[in-house]
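Note: the block below is protein15.cif and it holds mmCIF, C-alpha atoms.
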data_coords
#
loop_
_atom_site.label_atom_id
_atom_site.label_comp_id
_atom_site.auth_asym_id
_atom_site.auth_seq_id
_atom_site.Cartn_x
_atom_site.Cartn_y
_atom_site.Cartn_z
CA MET E 1 40.32 -1.40 77.06
CA SER E 2 37.43 -3.54 75.82
CA ILE E 3 35.50 -2.77 72.64
CA VAL E 4 32.53 -4.30 70.85
CA ILE E 5 32.58 -4.26 67.06
CA PRO E 6 29.37 -5.13 65.15
CA LEU E 7 31.38 -6.54 62.25
CA PHE E 8 29.87 -6.29 58.75
CA PRO E 9 26.32 -5.38 59.87
CA SER E 10 23.20 -5.42 57.70
CA VAL E 11 22.43 -1.71 57.77
CA LEU E 12 18.78 -0.71 58.06
CA TYR E 13 17.85 2.96 57.77
CA SER E 14 14.54 4.42 58.94
CA THR E 15 13.29 7.99 58.62
CA THR E 16 10.06 9.93 58.30
CA ILE E 17 9.60 12.18 55.29
CA PRO E 18 7.98 15.52 56.18
CA GLU E 19 6.01 16.13 52.99
CA GLU E 20 2.25 15.61 52.80
CA TYR E 21 1.35 12.75 50.47
CA THR E 22 -2.16 11.84 51.69
CA GLU E 23 -3.81 12.62 48.35
CA THR E 24 -1.18 10.61 46.50
CA TYR E 25 -1.69 7.64 48.83
CA ASP E 26 -5.47 7.80 48.41
CA GLU E 27 -5.11 7.87 44.63
CA MET E 28 -2.71 4.94 44.68
CA ILE E 29 -4.91 2.58 46.68
CA THR E 30 -7.94 3.28 44.50
CA SER E 31 -6.11 3.12 41.15
CA TYR E 32 -4.76 -0.43 41.26
CA ASP E 33 -6.21 -3.89 41.57
CA PHE E 34 -4.95 -5.98 44.48
CA VAL E 35 -4.37 -9.70 44.04
CA SER E 36 -3.86 -12.46 46.60
CA ASN E 37 -0.61 -14.33 47.07
CA ILE E 38 -0.24 -17.97 48.12
CA HIS E 39 2.55 -16.93 50.50
CA THR E 40 0.39 -14.52 52.50
CA LYS E 41 -2.75 -14.53 54.62
CA HIS E 42 -5.23 -11.65 54.14
CA THR E 43 -2.43 -9.71 52.48
CA TYR E 44 -2.62 -8.54 48.88
CA ILE E 45 -0.27 -6.89 46.42
CA SER E 46 -0.96 -4.65 43.45
CA SER E 47 -1.02 -6.29 40.05
CA GLU E 48 1.24 -3.45 38.88
CA TYR E 49 4.98 -3.68 39.63
CA ARG E 50 5.97 -0.25 38.33
CA VAL E 51 3.72 1.92 40.48
CA LEU E 52 6.26 4.71 40.97
CA ASP E 53 6.54 5.21 37.21
CA ASN E 54 3.15 6.93 37.48
CA TYR E 55 4.21 9.14 40.40
CA PRO E 56 7.47 10.82 39.35
CA ASP E 57 7.48 13.36 42.20
CA LEU E 58 7.24 10.67 44.87
CA HIS E 59 9.69 8.50 42.93
CA GLN E 60 12.28 11.29 43.00
CA ARG E 61 11.60 12.05 46.67
CA LEU E 62 12.26 8.45 47.70
CA LEU E 63 15.37 8.26 45.53
CA THR E 64 16.65 11.52 47.04
CA GLU E 65 16.28 10.03 50.51
CA PHE E 66 18.19 6.93 49.45
CA ILE E 67 20.96 9.10 47.98
CA PHE E 68 21.27 10.83 51.36
CA PHE E 69 21.52 7.43 53.07
CA LYS E 70 24.05 5.98 50.63
CA ASP E 71 26.25 9.11 50.77
CA GLU E 72 25.98 10.25 54.38
CA VAL E 73 25.70 6.87 56.08
CA MET E 74 27.31 4.30 53.78
CA LYS E 75 29.75 6.67 52.00
CA TRP E 76 28.99 5.14 48.58
CA TYR E 77 29.81 8.43 46.87
CA ASP E 78 30.99 6.91 43.60
CA THR E 79 27.96 4.66 42.97
CA ASP E 80 24.64 5.77 41.52
CA PHE E 81 21.37 3.95 42.13
CA GLN E 82 17.95 3.64 40.56
CA ILE E 83 14.58 2.41 41.75
CA VAL E 84 13.34 -0.44 39.58
CA THR E 85 10.22 -2.37 40.63
CA SER E 86 7.63 -0.85 42.98
CA TRP E 87 4.30 -2.23 44.19
CA LEU E 88 1.56 -1.69 46.76
CA THR E 89 0.70 -3.95 49.68
CA LYS E 90 -2.64 -4.15 51.47
CA THR E 91 -2.97 -6.14 54.70
CA GLU E 92 -6.35 -6.76 56.28
CA LYS E 93 -7.13 -7.88 59.84
CA GLU E 94 -5.13 -10.98 60.89
CA GLY E 95 -3.08 -10.64 57.74
CA THR E 96 0.55 -11.82 57.61
CA SER E 97 3.23 -12.79 55.14
CA ILE E 98 5.95 -15.41 55.24
CA MET E 99 9.60 -14.61 55.80
CA HIS E 100 11.10 -13.65 52.46
CA CYS E 101 13.83 -11.60 50.82
CA HIS E 102 13.97 -9.67 47.55
CA LYS E 103 15.99 -11.25 44.75
CA ASN E 104 17.76 -9.42 41.91
CA SER E 105 18.02 -6.31 44.05
CA PHE E 106 20.65 -4.57 46.18
CA TYR E 107 18.58 -2.52 48.63
CA SER E 108 14.83 -2.43 49.17
CA GLY E 109 12.53 0.17 50.63
CA VAL E 110 9.05 0.46 52.08
CA LEU E 111 6.94 3.58 52.64
CA TYR E 112 3.97 3.48 55.01
CA PHE E 113 0.78 5.40 54.35
CA LYS E 114 -0.88 5.90 57.74
CA THR E 115 -0.49 5.55 61.49
CA ILE E 116 -2.85 2.78 62.65
CA LYS E 117 -3.53 1.40 66.11
CA ASP E 118 -2.64 -2.31 66.40
CA VAL E 119 -0.80 -2.18 63.09
CA ALA E 120 1.27 -5.15 61.99
CA PRO E 121 4.97 -4.46 62.42
CA ILE E 122 7.52 -5.33 59.79
CA GLU E 123 9.78 -7.99 61.28
CA PHE E 124 13.35 -8.67 60.17
CA CYS E 125 15.01 -11.97 60.98
CA ASN E 126 18.58 -13.19 61.13
CA MET E 127 18.12 -16.52 59.34
CA SER E 128 21.54 -17.69 60.53
CA VAL E 129 20.24 -17.64 64.11
CA ASP E 130 17.26 -19.93 64.58
CA PRO E 131 16.00 -19.52 68.19
CA GLY E 132 14.45 -22.99 68.02
CA SER E 133 17.63 -24.87 67.25
CA TYR E 134 20.55 -22.59 68.06
CA MET E 135 22.88 -23.44 70.95
CA ILE E 136 21.93 -20.39 73.01
CA ASN E 137 18.73 -18.87 74.30
CA THR E 138 17.70 -15.50 72.87
CA PRO E 139 18.02 -12.81 75.57
CA PRO E 140 14.82 -11.41 77.11
CA LEU E 141 13.16 -8.76 74.98
CA GLU E 142 14.19 -5.91 77.29
CA LEU E 143 17.86 -6.93 76.90
CA GLN E 144 17.87 -7.36 73.13
CA SER E 145 19.71 -4.98 70.84
CA SER E 146 20.78 -4.95 67.21
CA ILE E 147 23.84 -6.91 68.34
CA ASN E 148 22.18 -9.87 70.08
CA ALA E 149 18.62 -10.07 68.69
CA SER E 150 17.57 -12.83 66.31
CA SER E 151 14.70 -10.66 65.01
CA TRP E 152 13.81 -6.98 64.95
CA GLN E 153 10.44 -5.27 64.58
CA ILE E 154 9.40 -1.80 63.44
CA ASN E 155 5.88 -0.52 64.08
CA PRO E 156 5.22 1.72 61.07
CA VAL E 157 3.76 5.22 61.23
CA GLU E 158 2.58 7.62 58.55
CA ASN E 159 5.27 8.67 56.06
CA GLN E 160 7.84 6.34 57.62
CA LEU E 161 10.42 5.19 55.11
CA VAL E 162 12.64 2.15 55.72
CA PHE E 163 15.62 1.04 53.62
CA PHE E 164 17.17 -2.39 54.15
CA PRO E 165 19.51 -4.78 52.28
CA SER E 166 17.43 -6.86 49.89
CA HIS E 167 18.93 -10.11 51.17
CA LEU E 168 17.60 -9.43 54.67
CA PHE E 169 14.67 -11.74 55.46
CA HIS E 170 11.52 -9.99 56.63
CA ARG E 171 7.77 -10.38 56.90
CA ILE E 172 4.55 -8.59 57.77
CA ASN E 173 3.67 -9.71 61.26
CA ASN E 174 0.10 -10.22 62.55
CA HIS E 175 -2.15 -7.24 61.71
CA GLN E 176 -4.79 -6.76 64.43
CA SER E 177 -6.54 -3.59 63.27
CA ASP E 178 -9.89 -3.49 61.47
CA GLU E 179 -8.34 -0.78 59.27
CA PRO E 180 -6.22 -2.05 56.35
CA ARG E 181 -2.48 -1.49 56.44
CA TYR E 182 -1.15 0.01 53.19
CA SER E 183 2.45 0.39 52.09
CA LEU E 184 4.54 0.98 48.99
CA ALA E 185 7.50 -1.34 48.53
CA PHE E 186 10.31 -0.92 46.00
CA ASN E 187 13.67 -2.32 44.96
CA ILE E 188 16.89 -0.42 44.29
CA ILE E 189 19.95 -1.42 42.27
CA PRO E 190 23.29 0.26 41.48
CA THR E 191 23.56 1.78 38.02
CA GLY E 192 26.24 3.18 35.74
CA VAL E 193 29.84 1.98 35.77
CA ILE E 194 30.49 -0.39 38.68
CA GLY E 195 33.73 -2.13 39.62
CA ASP E 196 37.01 -2.14 37.74
CA SER E 197 39.32 -4.33 35.64
CA ASP E 198 37.75 -7.79 35.03
CA SER E 199 34.80 -6.93 37.32
CA ARG E 200 33.82 -3.73 35.52
CA VAL E 201 30.22 -3.52 34.31
CA ASN E 202 28.00 -0.71 33.04
CA ILE E 203 24.35 -1.01 34.09
CA ILE E 204 22.13 1.46 32.25
CA ASN E 205 18.35 1.97 32.10
CA ILE E 206 17.18 -1.20 33.78
CA LYS E 207 13.46 -1.79 33.13
#

Could you show the structure in this file as structure tokens?
Amino acid sequence: MSIVIPLFPSVLYSTTIPEEYTETYDEMITSYDFVSNIHTKHTYISSEYRVLDNYPDLHQRLLTEFIFFKDEVMKWYDTDFQIVTSWLTKTEKEGTSIMHCHKNSFYSGVLYFKTIKDVAPIEFCNMSVDPGSYMINTPPLELQSSINASSWQINPVENQLVFFPSHLFHRINNHQSDEPRYSLAFNIIPTGVIGDSDSRVNIINIK
């Protein structure tokens, strides 16, 4: 019998939350200043990095979804988590960002505000497999899967929530719509007592 084992995968989780947050989204994008970033093109981030502190209901809803993921999918029953930094992203037509990861974080999340035609996908990349220099050719798109792909794209829709390991490199791909693409990004870390013996640490109230 033959088996295929995707050994030690980087686990990405995507879902759509059913609640209506349109008014919250509208308030968010009008309440914060957006600033440019040298690592992006026509893409801007909020000057505030603790956005969710001002929206406790949404903060708790996103954390509840992560708790479901960490318990039901990853089986991390004995570890608690907290959302730390959170910020808004605005991408205008032909906007992009460079490949990057999130430092000082364990998992990251992104929540999308609206379904838009010709929206820029979020693209994840396996940086250990460079299609330009690797010894094999990447399979045709129709044959790619999470096992053999060197990159993976998600076309966001309204209320879509994506969790991914913070070390996973990703970017905003080319946005072709005249309508801006808005999202809320955030970082998550374990909290409380973690590990044991000489690796035991207690992380409390990270700000």

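As for atom CA of Ile154 of chain E and atom CA of His42 of chain E, they are spaced 19.9 Å apart.
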
>> Calculated over all atoms listed in the file, which of the candidates E:Ser183, E:Ser97, E:Thr85, E:Asn155 has the smallest distance to Val110 of chain E?
In response: E:Ser183

>> Starting from the PyMOL selection byres ((chain E and resi 18) around 10), expand the selection into actual residues of this file and give them as a PyMOL selection string.
In response: chain E and resi 15-17+19-21+158-160

Expected selection from the PyMOL selection byres ((chain E and resi 121) around 12), given as a PDB file with C-alpha atoms, in the frame of the given file:
ATOM      1  CA  THR E  91      -2.970  -6.140  54.700  1.00  0.00           C
ATOM      2  CA  GLY E  95      -3.080 -10.640  57.740  1.00  0.00           C
ATOM      3  CA  THR E  96       0.550 -11.820  57.610  1.00  0.00           C
ATOM      4  CA  SER E  97       3.230 -12.790  55.140  1.00  0.00           C
ATOM      5  CA  TYR E 112       3.970   3.480  55.010  1.00  0.00           C
ATOM      6  CA  THR E 115      -0.490   5.550  61.490  1.00  0.00           C
ATOM      7  CA  ILE E 116      -2.850   2.780  62.650  1.00  0.00           C
ATOM      8  CA  LYS E 117      -3.530   1.400  66.110  1.00  0.00           C
ATOM      9  CA  ASP E 118      -2.640  -2.310  66.400  1.00  0.00           C
ATOM     10  CA  VAL E 119      -0.800  -2.180  63.090  1.00  0.00           C
ATOM     11  CA  ALA E 120       1.270  -5.150  61.990  1.00  0.00           C
ATOM     12  CA  ILE E 122       7.520  -5.330  59.790  1.00  0.00           C
ATOM     13  CA  GLU E 123       9.780  -7.990  61.280  1.00  0.00           C
ATOM     14  CA  PHE E 124      13.350  -8.670  60.170  1.00  0.00           C
ATOM     15  CA  SER E 151      14.700 -10.660  65.010  1.00  0.00           C
ATOM     16  CA  TRP E 152      13.810  -6.980  64.950  1.00  0.00           C
ATOM     17  CA  GLN E 153      10.440  -5.270  64.580  1.00  0.00           C
ATOM     18  CA  ILE E 154       9.400  -1.800  63.440  1.00  0.00           C
ATOM     19  CA  ASN E 155       5.880  -0.520  64.080  1.00  0.00           C
ATOM     20  CA  PRO E 156       5.220   1.720  61.070  1.00  0.00           C
ATOM     21  CA  VAL E 157       3.760   5.220  61.230  1.00  0.00           C
ATOM     22  CA  HIS E 170      11.520  -9.990  56.630  1.00  0.00           C
ATOM     23  CA  ARG E 171       7.770 -10.380  56.900  1.00  0.00           C
ATOM     24  CA  ILE E 172       4.550  -8.590  57.770  1.00  0.00           C
ATOM     25  CA  ASN E 173       3.670  -9.710  61.260  1.00  0.00           C
ATOM     26  CA  ASN E 174       0.100 -10.220  62.550  1.00  0.00           C
ATOM     27  CA  HIS E 175      -2.150  -7.240  61.710  1.00  0.00           C
ATOM     28  CA  GLN E 176      -4.790  -6.760  64.430  1.00  0.00           C
ATOM     29  CA  SER E 177      -6.540  -3.590  63.270  1.00  0.00           C
ATOM     30  CA  ARG E 181      -2.480  -1.490  56.440  1.00  0.00           C
ATOM     31  CA  TYR E 182      -1.150   0.010  53.190  1.00  0.00           C
ATOM     32  CA  SER E 183       2.450   0.390  52.090  1.00  0.00           C
TER      33      SER E 183
END

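Between atom CA of Leu141 of chain E and atom CA of Asn126 of chain E lies a distance of 15.5 Å.
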
> Between atom CA of Ile83 of chain E and atom CA of Glu27 of chain E, what is the distance, to one decimal in Å?
Replying inline: 20.6 Å

>> the PyMOL selection byres ((chain E and resi 61-64) around 10) - which residues does that actually catch in the file I just gave you? List them as a PyMOL selection string.
In response: chain E and resi 17+19+52+56-60+65-70+81-83+109-111+161+186+188

> Pick the closest to Tyr77 of chain E from E:Val51, E:Pro190, E:Met99, E:Ser199: which is it, counting all atoms listed in the file?
Replying inline: E:Pro190

>> Using all atoms listed in the file - which residues lie no farther than 9 Å from the point (-0.8, -6.0, 46.0) in the file's frame? Write them as a ChimeraX atom specification.
In response: /E:32-37,43-49,87-91

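Residue nearest His167 of chain E within the list E:Ile38, E:Cys101, E:Val84, E:Ile147: E:Cys101 [criterion: smallest interatomic distance, all atoms listed in the file].
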
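Distance annotation: of E:Pro165, E:Pro6, E:Pro139, E:Gly192, the residue with the minimal separation from Ile204 of chain E is E:Gly192; atom set is all atoms listed in the file.
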